[in-house]
Amino acid sequence: MSAAPLFRLAALIKKELLQILRDPSTLIIATLFPVLLMLIFGSGISLDSTVVRLGVFDQDGSPPARRLVETYRHTPGFRVVEGKSTDELSDLLRAGKLQGFVVLDQGLGRQVLTGSRVRPVVQIVTDGAEPNGANFVAAYAQGAFAVWSEQELARRGYGPRSPARAFSLETRAWFNPSTKSRNSLLPGSVTLVMMVVGALLTALVVAREWERGTMEALLTAGVSRFELLVSKLIPYFLLGQVAFTICVLMAHLYFDVPLRGSIGTLYLVGSTFLGGALGMGLLISTLMRNQYNAAQVTLNAAFLPGLMLSGFLFEIRSMPVAIQAVSSIIPARYFVTAMQTVFQAGDVWSVLTPSLIGLGLAAVGFLGVTFFVTRRRLE
Amino acid sequence: MNSGAVASTTALSKQFPGASRAALSEVSLEIRPGVVTGLVGPDGAGKTTLLRILAGLLLPTAGTVRVLGSDPGQDMETLRSSLGYMPQKFGLYEDLTVAENLNLYAELKGLRGKARAETFERLLTFTDLARFTKRLAGQLSGGMKQKLGLACTLLGTPKILLLDEPGVGVDPVSRRELWQMVRELITEGNAVVWSTAYLDEAEACDDVVLLSEGNVLFKGPPRSLHARVEGRVFLLDGASESPRATLRKARRDPASLDGVVQGKSVRLIARAGATLEPTRHGVSSEALLRRVAPRFEDGFIDLLGGVSSAESALAQALAERPRDGRVVIETRALTKKFGDFVAADSISLEVQRGEVFGLLGPNGAGKSTTFKMLCGLLAPTSGEAEVAGVDLRRGRAAARQRLGYMAQKFSLYGHLSIAQNLEFFAGAYALTGKTKKEAIERLVAVFEFGHYLDTKAGELPLGLKQRLALAAAVLHGPEILFLDEPTSGVDPLTRREFWTHINGIVERGVTVLVTTHFMDEAEYCDRIALISQGKTLAIGTPDELKAQAATAELPYPTMEEAFIGLVGRPS
């Protein structure tokens with residue numbers, strides 16, 4: 001390449017940077033938006049249950065039954081409300097004052113002592129209208145029950161190797177031992193920031209050039225498509241990196257999300273995805289040529305799939321097969337997987353490599369198509 | 001092909017996919033060096049398409065185009081430094097300063113080092129922008145933006161300059177300066193193409209290419225168009241009636257080809273070989289005809305075969321209102337502030353029933369703000385205004401029912417048909433049932449929409465769009481009609497038809513308020529308020545304003561000269 005095009009490219013990039021610095025809305029979107037989004041996903045939205053009000057109706061009253069009630073009382077996250085009848089607890093559940101209740105049958109103590117298993121002795125009722133919450137309540141209540149039965153067995157002299165303990169189950173969540181949903185939500189939510197800064201902002205700036213007639217002036221001044229695209233890519237790539245860094249710092253330092261992978265891998269993942277997002281934004285604005293349409297299309301083609309189909313908020317494996325297939329062509333999906341891996345598991349290349357390939361293909365694809373549909377003319 | 005031409009086209013056609021007619025059909029022309037070539041025509045004539053093809057931004061569907069010996073569609077690289085193109089919206093970055101804009105385009109055109117410094121120096125002095133280098137382009141006035149756009153286009157000293165409607169949105173003072181700049185630029189070797197919808201700009205060009213709906217109607221020096229009507233253009237003065245009534249009667253003379261109101265006179269064109277005898281057709285006997293020099297527009301009208309009638313079917317369909325000389329619009333110290341900026345500064349005026357009143361002023365002068373306050377779209381900051389007997393501070397909604405409003409560029413729904421548009425506007429004016437049906441039927445008959453009822457408004461030819469916009473504004477029989485630059489960018493025939501209707505309904509007692517920076521439209525007004533920097537500079541009839549601006553050097557100024565004189569005068 002001769003020297004002249006580099007001067008021209010430098011002039012175009014300088015112009016773009018000046019525009020970014022002059023326009024407060026661009027800077028606000030690139031800096032304040034990541035902070036707000038991280039705050040929302042870090043503290044506002046949580047898939048964990050915090051304090052569960054659990055009703056208990058002890059019909060038995062025997063010492064083992066009382067010990068079970070005490071176990072519930074001492075389980076972190078439960079606030080036990082003792083009731084006098086099933087009806088009373090049902091009413092409280094309906095009123096939303098309880099998230100679930102447990103009924104201890106008469107004869108619970110006797111059955112524990114004799115070891116007979118005639119009929120269910122502990123009933124757990126949860127509020128199915130909130131399936132997520134209901135699952136947590138059931139799981140915690142079962143967990144507490146398991147702790148209690150182990151203690152009862154130990155109390156009666158069964159050792160760790162005794163046959164009576166052969167069926168005891170131990171659950172442990174790997175990678176996110178404290179099962180804080182924040183730890184997987186925050187790395188995933190970076191997708192939205194990258195979509196807004198990478199795709200939406202880029203789509204708007206190119207469409208703006210068409211709307212204001214400056215594109216015509218640039219084209220007649222002999223700007224090539226390479227210069228045109230690269231002069232948009234570089235400044236917005238830098239802006240995207242700023243937003244990405246803000247997200248990472250917020251997640252790791254402010255919300256204590258552990259970062260088990262390396263910084264290098266993190267930025268490799270971020271940059272590859274950003275390349276695709278920028279390509280998508282450029283492609284949309286090249287085709288739309290007006291800001292309103294560009295924003296609409298970007299919202300539908302980039303932002304919503306990033307939110308719904310990337311798997312950071314809604315589990316892909318629980319989606320219908322057809323939608324799972326659709327999600328496999330959404331770059332955001334690979335980004336979410338890669339981000340969650342780098343944060344929670346580390347540089348696990350067996351997982352990261354396929355994701356990076358997917359992201360790389362998306363970036364090359366979008367940028368390549370944009371290069372070919374960009375015309376030096378108005379048609 | 002003339003070897004001396006800087007650019008030429010041969011049988012050039014352009015058809016956009018999906019468009020009902022060709023944007024350009026078989027256009028052949030030559031751009032000579034050393035002169036300004038005017039590309040003249042109404043909106044939609046194909047001016048921008050032609051310029052874009054010359055600049056290499058569009059490819060022709062058929063025919064050939066040569067610019068400086070190359071094909072611009074193929075050799076954009078080689079033409080880059082020798083072709084300057086200024087798009088309609090200047091091609092400026094509004095969030096960059098004057099200097100940053102210039103630097104960007106200088107880099108793009110490879111202008112560096114000492115040569116750049118010298119060029120900047122020359123251009124900044126030339127455009128008088130040196131004081132504003134640190135100002136953002138978006139904060140410049142329309143005229144200064146246009147000058148900066150021109151300066152950016154001139155970097156790299158192009159041999160051919162393509163300017164797309166540089167005179168739009170620019171007040172007459174700046175427009176005159178722009179013309180002077182372009183005149184100074186012209187040398188032996190380079191050429192300027194100036195596109196415009198203003199016919200008065202055509203007079204200033206050396207060569208003119210007149211386009212209409214993609215066809216070349218005329219090419220050559222504007223004088224040769226004048227020659228067509230030489231000796232056939234007259235002014236009719238001294239009639240006892242209003243110029244509008246005089247025009248209507250004078251046009252009954254079969255010898256008349258065209259007529260327009262010009263201040264208190266009427267301008268008439270006689271048919272070739274015929275003699276005008278207006279007094280035999282009802283014009284009062286004191287009226288005198290005097291022969292005047294033709295304008296470009298007179299020749300254009302002759303080329304188009306003249307205007308058939310000066311009778312308005314719309315006026316006949318309206319009820320007569322008493323012309324009692326009552327004041328129907330009155331403002332006292334009407335003021336509008338946007339933050340610290342005073343957009344309209346104690347405007348006081350009175351408009352009588354049956355008057356055509358014009359608000360004339362440069363862009364950003366405050367005429368639109370005043371206009372919007374009067375039609376109840378904007379609440380005044382202070383001052384009083386009464387429109388059709390309603391105090392605007394209290395009953396803005398009530399006043400609106402008695403007003404008709406026609407926005408700039410016809411605010412029609414492009415995807416709705418004529419019938420659907422009329423239906424919608426009737427509903428918006430709260431017409432229902434039989435009244436609504438009758439109102440629509442009456443206007444369909446008046447404007448002869450019959451064949452086009454189901455055509456989408458966006459696909460209508462300009463003339464019909466203009467009719468539809470007027471129909472939508474008068475559906476409910478308003479007392480006062482507000483027109484915002486009603487005929488800017490339309491062809492002279494459409495403009496005449498429009499003013500025939502307006503003159504007709506004014507004769508029936510409707511009051512009309514017009515904003516414009518279009519001098520021709522100002523001539524149609526009974527009285528004009530000249531507004532500049534938020535203040536009224538002068539109020540009077542067009543002839544009074546001209547007399548006010550008259551000087552020893554310029555005893556009979558045109559409306560434009562009067563405007564420049566009055567706005568430029570230190571107050």
# chains A, B, ... in the order shown; residues from 1 in each chain; ligands from 1
call {"tool": "select_by_dssp", "arguments": {"residues": "stretch 99-307 of chain A", "states": "strand (DSSP E or B)", "output": "list of chain:residue names"}}
result
A:Gly100, A:Phe101, A:Val102, A:Val103, A:Leu104, A:Val122, A:Gln123, A:Ile124, A:Val125, A:Thr126
call {"tool": "write_last_selection", "arguments": {"atoms": "C-alpha atoms", "output": "short mmCIF file (atom, residue, chain, number, x, y, z; two decimals), in the first residue's frame"}}
result
data_model
loop_
_atom_site.label_atom_id
_atom_site.label_comp_id
_atom_site.auth_asym_id
_atom_site.auth_seq_id
_atom_site.Cartn_x
_atom_site.Cartn_y
_atom_site.Cartn_z
CA GLY A 100 -43.80 -23.15 50.72
CA PHE A 101 -44.66 -25.25 53.74
CA VAL A 102 -43.82 -28.62 55.24
CA VAL A 103 -46.25 -30.91 57.03
CA LEU A 104 -44.81 -33.45 59.50
CA VAL A 122 -43.12 -35.41 55.43
CA GLN A 123 -45.01 -33.43 52.82
CA ILE A 124 -43.44 -30.41 51.07
CA VAL A 125 -45.84 -27.97 49.39
CA THR A 126 -44.44 -25.19 47.21
#
call {"tool": "residues_around", "arguments": {"residues": "stretch 265-271 of chain A", "least_positions_apart": "5", "cutoff": "7 Å", "atoms": "only C-alpha atoms", "output": "PyMOL selection string"}}
result
chain A and resi 338+342+347+356
call {"tool": "residues_around", "arguments": {"residues": "stretch 49-58 of chain B", "least_positions_apart": "2", "cutoff": "7 Å", "atoms": "only C-alpha atoms", "output": "ChimeraX atom specification"}}
result
/A:220,377-379 /B:46-47,60,67,72-73,76,85,162
call {"tool": "write_last_selection", "arguments": {"atoms": "N, CA and C atoms", "output": "short mmCIF file (atom, residue, chain, number, x, y, z; two decimals), in the first residue's frame"}}
result
data_model
loop_
_atom_site.label_atom_id
_atom_site.label_comp_id
_atom_site.auth_asym_id
_atom_site.auth_seq_id
_atom_site.Cartn_x
_atom_site.Cartn_y
_atom_site.Cartn_z
N THR A 220 -17.29 10.88 -3.37
CA THR A 220 -16.74 11.64 -4.49
C THR A 220 -15.32 12.12 -4.19
N ARG A 377 -20.78 3.47 -5.05
CA ARG A 377 -21.84 4.26 -5.67
C ARG A 377 -23.05 4.27 -4.77
N LEU A 378 -24.08 4.96 -5.21
CA LEU A 378 -25.28 5.07 -4.38
C LEU A 378 -26.26 3.96 -4.65
N GLU A 379 -25.94 3.03 -5.52
CA GLU A 379 -26.89 1.94 -5.81
C GLU A 379 -26.17 0.62 -5.80
N GLY B 46 -35.06 15.53 -12.09
CA GLY B 46 -33.93 14.67 -12.41
C GLY B 46 -32.58 15.37 -12.25
N LYS B 47 -32.58 16.54 -11.61
CA LYS B 47 -31.34 17.31 -11.48
C LYS B 47 -30.30 16.56 -10.66
N PRO B 60 -25.55 5.18 -15.36
CA PRO B 60 -26.72 5.35 -16.23
C PRO B 60 -27.29 3.99 -16.66
N VAL B 67 -16.73 12.75 -18.50
CA VAL B 67 -16.33 13.90 -17.71
C VAL B 67 -14.82 14.01 -17.80
N PRO B 72 -17.08 8.64 -15.61
CA PRO B 72 -17.03 8.79 -14.13
C PRO B 72 -17.42 7.52 -13.38
N GLY B 73 -18.28 6.68 -13.98
CA GLY B 73 -18.68 5.45 -13.31
C GLY B 73 -17.51 4.49 -13.15
N MET B 76 -13.43 6.72 -11.20
CA MET B 76 -13.59 7.66 -10.10
C MET B 76 -12.24 8.07 -9.53
N TYR B 85 -17.77 17.86 -6.02
CA TYR B 85 -19.21 17.67 -5.99
C TYR B 85 -19.73 18.09 -4.63
N LEU B 162 -19.62 20.48 -9.39
CA LEU B 162 -21.03 20.12 -9.49
C LEU B 162 -21.70 20.55 -8.18
#
call {"tool": "closest_residue", "arguments": {"among": "A:Ala203, A:Leu32, A:Val348, A:Ile20", "to": "A:Arg260", "atoms": "only C-alpha atoms"}}
result
A:Val348
call {"tool": "select_by_dssp", "arguments": {"residues": "stretch 240-459 of chain B", "states": "alpha helix (DSSP H)", "output": "short mmCIF file (atom, residue, chain, number, x, y, z; two decimals) with C-alpha atoms, in the first residue's frame"}}
result
data_model
loop_
_atom_site.label_atom_id
_atom_site.label_comp_id
_atom_site.auth_asym_id
_atom_site.auth_seq_id
_atom_site.Cartn_x
_atom_site.Cartn_y
_atom_site.Cartn_z
CA PRO B 243 -54.81 43.07 -8.79
CA ARG B 244 -56.41 39.66 -8.17
CA ALA B 245 -59.71 40.68 -9.75
CA THR B 246 -57.86 42.43 -12.57
CA LEU B 247 -55.84 39.30 -13.26
CA ARG B 248 -58.97 37.16 -13.38
CA LYS B 249 -60.61 39.46 -15.88
CA ALA B 250 -57.50 40.03 -17.97
CA PHE B 296 -36.67 33.30 -17.81
CA GLU B 297 -39.95 32.15 -16.34
CA ASP B 298 -41.95 33.89 -19.11
CA GLY B 299 -40.02 31.94 -21.70
CA PHE B 300 -40.48 28.72 -19.73
CA ILE B 301 -44.25 29.23 -19.59
CA ASP B 302 -44.33 29.91 -23.33
CA LEU B 303 -42.34 26.72 -23.87
CA LEU B 304 -44.90 24.79 -21.86
CA ALA B 313 -63.23 26.01 -9.43
CA LEU B 314 -62.35 25.85 -5.74
CA ALA B 315 -63.44 29.44 -5.16
CA GLN B 316 -66.77 28.77 -6.82
CA ALA B 317 -67.35 25.82 -4.52
CA LYS B 367 -40.97 33.53 10.58
CA SER B 368 -41.69 29.85 11.13
CA THR B 369 -41.84 30.37 14.88
CA THR B 370 -44.33 33.25 14.46
CA PHE B 371 -46.30 31.19 11.99
CA LYS B 372 -46.49 28.20 14.32
CA MET B 373 -47.65 30.37 17.21
CA LEU B 374 -50.41 31.84 15.04
CA ARG B 396 -55.78 27.11 20.83
CA ALA B 397 -57.78 24.00 19.95
CA ALA B 398 -60.90 26.03 19.19
CA ALA B 399 -58.95 28.32 16.87
CA ARG B 400 -57.48 25.38 15.03
CA ILE B 418 -56.00 10.33 -2.49
CA ALA B 419 -59.36 9.10 -1.20
CA GLN B 420 -57.81 7.81 2.04
CA ASN B 421 -55.88 11.03 2.59
CA LEU B 422 -59.02 13.12 2.16
CA GLU B 423 -60.94 10.76 4.40
CA PHE B 424 -58.26 11.06 7.07
CA PHE B 425 -58.02 14.84 6.99
CA ALA B 426 -61.82 15.15 7.03
CA GLY B 427 -61.80 13.02 10.16
CA ALA B 428 -58.98 15.06 11.66
CA GLY B 433 -71.51 11.80 8.10
CA LYS B 434 -73.13 13.77 5.33
CA THR B 435 -71.03 16.91 5.82
CA LYS B 436 -67.87 14.85 5.44
CA LYS B 437 -69.12 13.02 2.36
CA GLU B 438 -70.19 16.25 0.68
CA ALA B 439 -66.97 18.04 1.50
CA ILE B 440 -64.91 15.23 -0.01
CA GLU B 441 -67.12 14.96 -3.11
CA ARG B 442 -66.95 18.71 -3.68
CA LEU B 443 -63.15 18.75 -3.58
CA VAL B 444 -62.81 15.63 -5.73
CA ALA B 445 -64.90 17.41 -8.36
CA VAL B 446 -63.06 20.74 -8.01
#
call {"tool": "interface_residues", "arguments": {"of": "chain B", "to": "chain A", "cutoff": "7 Å", "atoms": "only C-alpha atoms", "output": "PDB file with C-alpha atoms, in the first residue's frame"}}
result
ATOM      1  CA  ALA B  55     -20.001  12.548 -10.196  1.00  0.00           C
ATOM      2  CA  LEU B  57     -22.179   8.034  -7.806  1.00  0.00           C
ATOM      3  CA  LEU B  58     -24.817   6.476 -10.044  1.00  0.00           C
ATOM      4  CA  MET B  76     -13.594   7.655 -10.104  1.00  0.00           C
ATOM      5  CA  GLU B  77      -9.996   7.390  -8.939  1.00  0.00           C
ATOM      6  CA  ARG B  80     -11.070  12.407  -7.696  1.00  0.00           C
ATOM      7  CA  TYR B  85     -19.212  17.670  -5.985  1.00  0.00           C
ATOM      8  CA  MET B  86     -21.300  19.398  -3.346  1.00  0.00           C
ATOM      9  CA  PRO B  87     -24.334  17.332  -2.366  1.00  0.00           C
ATOM     10  CA  LYS B  89     -26.927  18.755   2.343  1.00  0.00           C
ATOM     11  CA  GLY B  91     -21.633  17.071   2.936  1.00  0.00           C
ATOM     12  CA  LEU B  92     -20.405  18.688   6.121  1.00  0.00           C
ATOM     13  CA  TYR B  93     -19.855  17.083   9.506  1.00  0.00           C
ATOM     14  CA  ASP B  95     -20.148  18.067  14.945  1.00  0.00           C
ATOM     15  CA  LEU B  96     -16.733  18.989  13.565  1.00  0.00           C
ATOM     16  CA  LEU B 104     -10.517  16.170   6.604  1.00  0.00           C
ATOM     17  CA  GLU B 107      -6.349  14.979   3.579  1.00  0.00           C
ATOM     18  CA  LEU B 108      -8.810  13.017   1.471  1.00  0.00           C
ATOM     19  CA  LYS B 109      -7.830  14.982  -1.601  1.00  0.00           C
TER      20      LYS B 109
END
call {"tool": "closest_residue", "arguments": {"among": "B:Ser81, B:Ser417, B:Gly565, B:Val208", "to": "B:Thr153", "atoms": "only C-alpha atoms"}}
result
B:Ser81
call {"tool": "residues_around", "arguments": {"residues": "B:Val342", "least_positions_apart": "5", "cutoff": "10 Å", "atoms": "only C-alpha atoms", "output": "PyMOL selection string"}}
result
chain B and resi 335-337+366+381+533-535
call {"tool": "write_last_selection", "arguments": {"atoms": "C-alpha atoms", "output": "PDB file, in the first residue's frame"}}
result
ATOM      1  CA  THR B 335     -42.605  36.716  21.770  1.00  0.00           C
ATOM      2  CA  LYS B 336     -41.173  33.214  21.782  1.00  0.00           C
ATOM      3  CA  LYS B 337     -38.007  32.264  23.574  1.00  0.00           C
ATOM      4  CA  GLY B 366     -38.274  33.655  13.220  1.00  0.00           C
ATOM      5  CA  THR B 381     -43.690  32.941  25.801  1.00  0.00           C
ATOM      6  CA  GLN B 533     -33.419  38.089  13.643  1.00  0.00           C
ATOM      7  CA  GLY B 534     -36.787  37.671  15.317  1.00  0.00           C
ATOM      8  CA  LYS B 535     -37.945  41.241  14.695  1.00  0.00           C
TER       9      LYS B 535
END
call {"tool": "closest_residue", "arguments": {"among": "B:Val27, B:Ala5, B:Leu403, B:Ile528", "to": "B:Phe218", "atoms": "only C-alpha atoms"}}
result
B:Val27
call {"tool": "residues_around", "arguments": {"residues": "B:Ser348", "least_positions_apart": "3", "cutoff": "6 Å", "atoms": "only C-alpha atoms", "output": "PDB file with C-alpha atoms, in the first residue's frame"}}
result
ATOM      1  CA  THR B 331     -50.758  40.021  17.595  1.00  0.00           C
ATOM      2  CA  ARG B 332     -49.343  42.371  20.208  1.00  0.00           C
ATOM      3  CA  ALA B 333     -45.720  41.985  21.232  1.00  0.00           C
TER       4      ALA B 333
END
call {"tool": "residues_around", "arguments": {"residues": "stretch 273-290 of chain A", "least_positions_apart": "2", "cutoff": "9 Å", "atoms": "only C-alpha atoms", "output": "ChimeraX atom specification"}}
result
/A:191,194-211,229,232-233,236-237,240-241,268-271,292-295,297-298,301-302,331-332,334-335,356,359-371,373-375
call {"tool": "residues_around", "arguments": {"residues": "B:Pro42", "least_positions_apart": "6", "cutoff": "12 Å", "atoms": "only C-alpha atoms", "output": "ChimeraX atom specification"}}
result
/B:48,165,195-199,210-215,300,461-463,487-495
call {"tool": "write_last_selection", "arguments": {"atoms": "N, CA and C atoms", "output": "PDB file, in the first residue's frame"}}
result
ATOM      1  N   THR B  48     -30.732  16.081  -9.471  1.00  0.00           N
ATOM      2  CA  THR B  48     -29.789  15.397  -8.588  1.00  0.00           C
ATOM      3  C   THR B  48     -29.279  14.116  -9.230  1.00  0.00           C
ATOM      4  N   GLU B 165     -28.157  22.275  -5.859  1.00  0.00           N
ATOM      5  CA  GLU B 165     -29.029  23.258  -5.222  1.00  0.00           C
ATOM      6  C   GLU B 165     -28.343  24.048  -4.107  1.00  0.00           C
ATOM      7  N   SER B 195     -27.216  23.549  -9.901  1.00  0.00           N
ATOM      8  CA  SER B 195     -28.595  23.110 -10.090  1.00  0.00           C
ATOM      9  C   SER B 195     -29.521  23.933  -9.213  1.00  0.00           C
ATOM     10  N   THR B 196     -30.717  24.172  -9.695  1.00  0.00           N
ATOM     11  CA  THR B 196     -31.641  25.016  -8.944  1.00  0.00           C
ATOM     12  C   THR B 196     -33.086  24.791  -9.367  1.00  0.00           C
ATOM     13  N   ALA B 197     -33.978  25.010  -8.406  1.00  0.00           N
ATOM     14  CA  ALA B 197     -35.401  24.991  -8.728  1.00  0.00           C
ATOM     15  C   ALA B 197     -35.925  26.419  -8.863  1.00  0.00           C
ATOM     16  N   TYR B 198     -35.074  27.400  -8.520  1.00  0.00           N
ATOM     17  CA  TYR B 198     -35.479  28.807  -8.622  1.00  0.00           C
ATOM     18  C   TYR B 198     -35.216  29.300 -10.032  1.00  0.00           C
ATOM     19  N   LEU B 199     -36.277  29.742 -10.696  1.00  0.00           N
ATOM     20  CA  LEU B 199     -36.096  30.169 -12.081  1.00  0.00           C
ATOM     21  C   LEU B 199     -35.304  31.466 -12.167  1.00  0.00           C
ATOM     22  N   LEU B 210     -32.780  23.076 -19.067  1.00  0.00           N
ATOM     23  CA  LEU B 210     -34.056  23.078 -18.364  1.00  0.00           C
ATOM     24  C   LEU B 210     -34.619  21.660 -18.389  1.00  0.00           C
ATOM     25  N   LEU B 211     -34.780  21.077 -17.200  1.00  0.00           N
ATOM     26  CA  LEU B 211     -35.263  19.700 -17.096  1.00  0.00           C
ATOM     27  C   LEU B 211     -36.685  19.688 -16.554  1.00  0.00           C
ATOM     28  N   SER B 212     -37.487  18.777 -17.071  1.00  0.00           N
ATOM     29  CA  SER B 212     -38.814  18.576 -16.518  1.00  0.00           C
ATOM     30  C   SER B 212     -39.157  17.096 -16.638  1.00  0.00           C
ATOM     31  N   GLU B 213     -39.434  16.458 -15.538  1.00  0.00           N
ATOM     32  CA  GLU B 213     -39.743  15.030 -15.490  1.00  0.00           C
ATOM     33  C   GLU B 213     -38.756  14.191 -16.298  1.00  0.00           C
ATOM     34  N   GLY B 214     -37.478  14.496 -16.167  1.00  0.00           N
ATOM     35  CA  GLY B 214     -36.451  13.689 -16.805  1.00  0.00           C
ATOM     36  C   GLY B 214     -36.153  14.038 -18.252  1.00  0.00           C
ATOM     37  N   ASN B 215     -36.881  15.009 -18.801  1.00  0.00           N
ATOM     38  CA  ASN B 215     -36.642  15.398 -20.192  1.00  0.00           C
ATOM     39  C   ASN B 215     -36.019  16.788 -20.258  1.00  0.00           C
ATOM     40  N   PHE B 300     -40.174  30.081 -20.156  1.00  0.00           N
ATOM     41  CA  PHE B 300     -40.482  28.715 -19.728  1.00  0.00           C
ATOM     42  C   PHE B 300     -41.975  28.434 -19.912  1.00  0.00           C
ATOM     43  N   PRO B 461     -47.826  12.747  -9.483  1.00  0.00           N
ATOM     44  CA  PRO B 461     -46.954  13.807  -9.961  1.00  0.00           C
ATOM     45  C   PRO B 461     -47.085  15.037  -9.063  1.00  0.00           C
ATOM     46  N   LEU B 462     -46.049  15.860  -9.088  1.00  0.00           N
ATOM     47  CA  LEU B 462     -45.959  17.003  -8.187  1.00  0.00           C
ATOM     48  C   LEU B 462     -47.215  17.880  -8.192  1.00  0.00           C
ATOM     49  N   GLY B 463     -47.739  18.142  -9.391  1.00  0.00           N
ATOM     50  CA  GLY B 463     -48.899  19.026  -9.511  1.00  0.00           C
ATOM     51  C   GLY B 463     -50.090  18.501  -8.732  1.00  0.00           C
ATOM     52  N   THR B 487     -45.173  26.857  -2.495  1.00  0.00           N
ATOM     53  CA  THR B 487     -44.827  26.446  -3.864  1.00  0.00           C
ATOM     54  C   THR B 487     -43.331  26.433  -4.106  1.00  0.00           C
ATOM     55  N   SER B 488     -42.534  26.187  -3.042  1.00  0.00           N
ATOM     56  CA  SER B 488     -41.100  26.144  -3.324  1.00  0.00           C
ATOM     57  C   SER B 488     -40.778  24.802  -3.968  1.00  0.00           C
ATOM     58  N   GLY B 489     -40.037  24.851  -5.052  1.00  0.00           N
ATOM     59  CA  GLY B 489     -39.633  23.630  -5.739  1.00  0.00           C
ATOM     60  C   GLY B 489     -40.651  23.065  -6.713  1.00  0.00           C
ATOM     61  N   VAL B 490     -41.786  23.740  -6.924  1.00  0.00           N
ATOM     62  CA  VAL B 490     -42.741  23.204  -7.910  1.00  0.00           C
ATOM     63  C   VAL B 490     -42.586  23.969  -9.224  1.00  0.00           C
ATOM     64  N   ASP B 491     -43.073  23.363 -10.302  1.00  0.00           N
ATOM     65  CA  ASP B 491     -42.893  23.991 -11.603  1.00  0.00           C
ATOM     66  C   ASP B 491     -43.848  25.178 -11.742  1.00  0.00           C
ATOM     67  N   PRO B 492     -43.554  26.091 -12.675  1.00  0.00           N
ATOM     68  CA  PRO B 492     -44.336  27.329 -12.754  1.00  0.00           C
ATOM     69  C   PRO B 492     -45.813  27.097 -13.087  1.00  0.00           C
ATOM     70  N   LEU B 493     -46.129  26.048 -13.827  1.00  0.00           N
ATOM     71  CA  LEU B 493     -47.536  25.814 -14.139  1.00  0.00           C
ATOM     72  C   LEU B 493     -48.305  25.428 -12.883  1.00  0.00           C
ATOM     73  N   THR B 494     -47.718  24.521 -12.111  1.00  0.00           N
ATOM     74  CA  THR B 494     -48.354  24.118 -10.859  1.00  0.00           C
ATOM     75  C   THR B 494     -48.489  25.314  -9.931  1.00  0.00           C
ATOM     76  N   ARG B 495     -47.438  26.141  -9.911  1.00  0.00           N
ATOM     77  CA  ARG B 495     -47.465  27.294  -9.034  1.00  0.00           C
ATOM     78  C   ARG B 495     -48.576  28.247  -9.435  1.00  0.00           C
TER      79      ARG B 495
END
call {"tool": "atom_distance", "arguments": {"atom1": "atom CA of B:Ala547", "atom2": "atom CA of B:Glu560"}}
result
12.6 Å
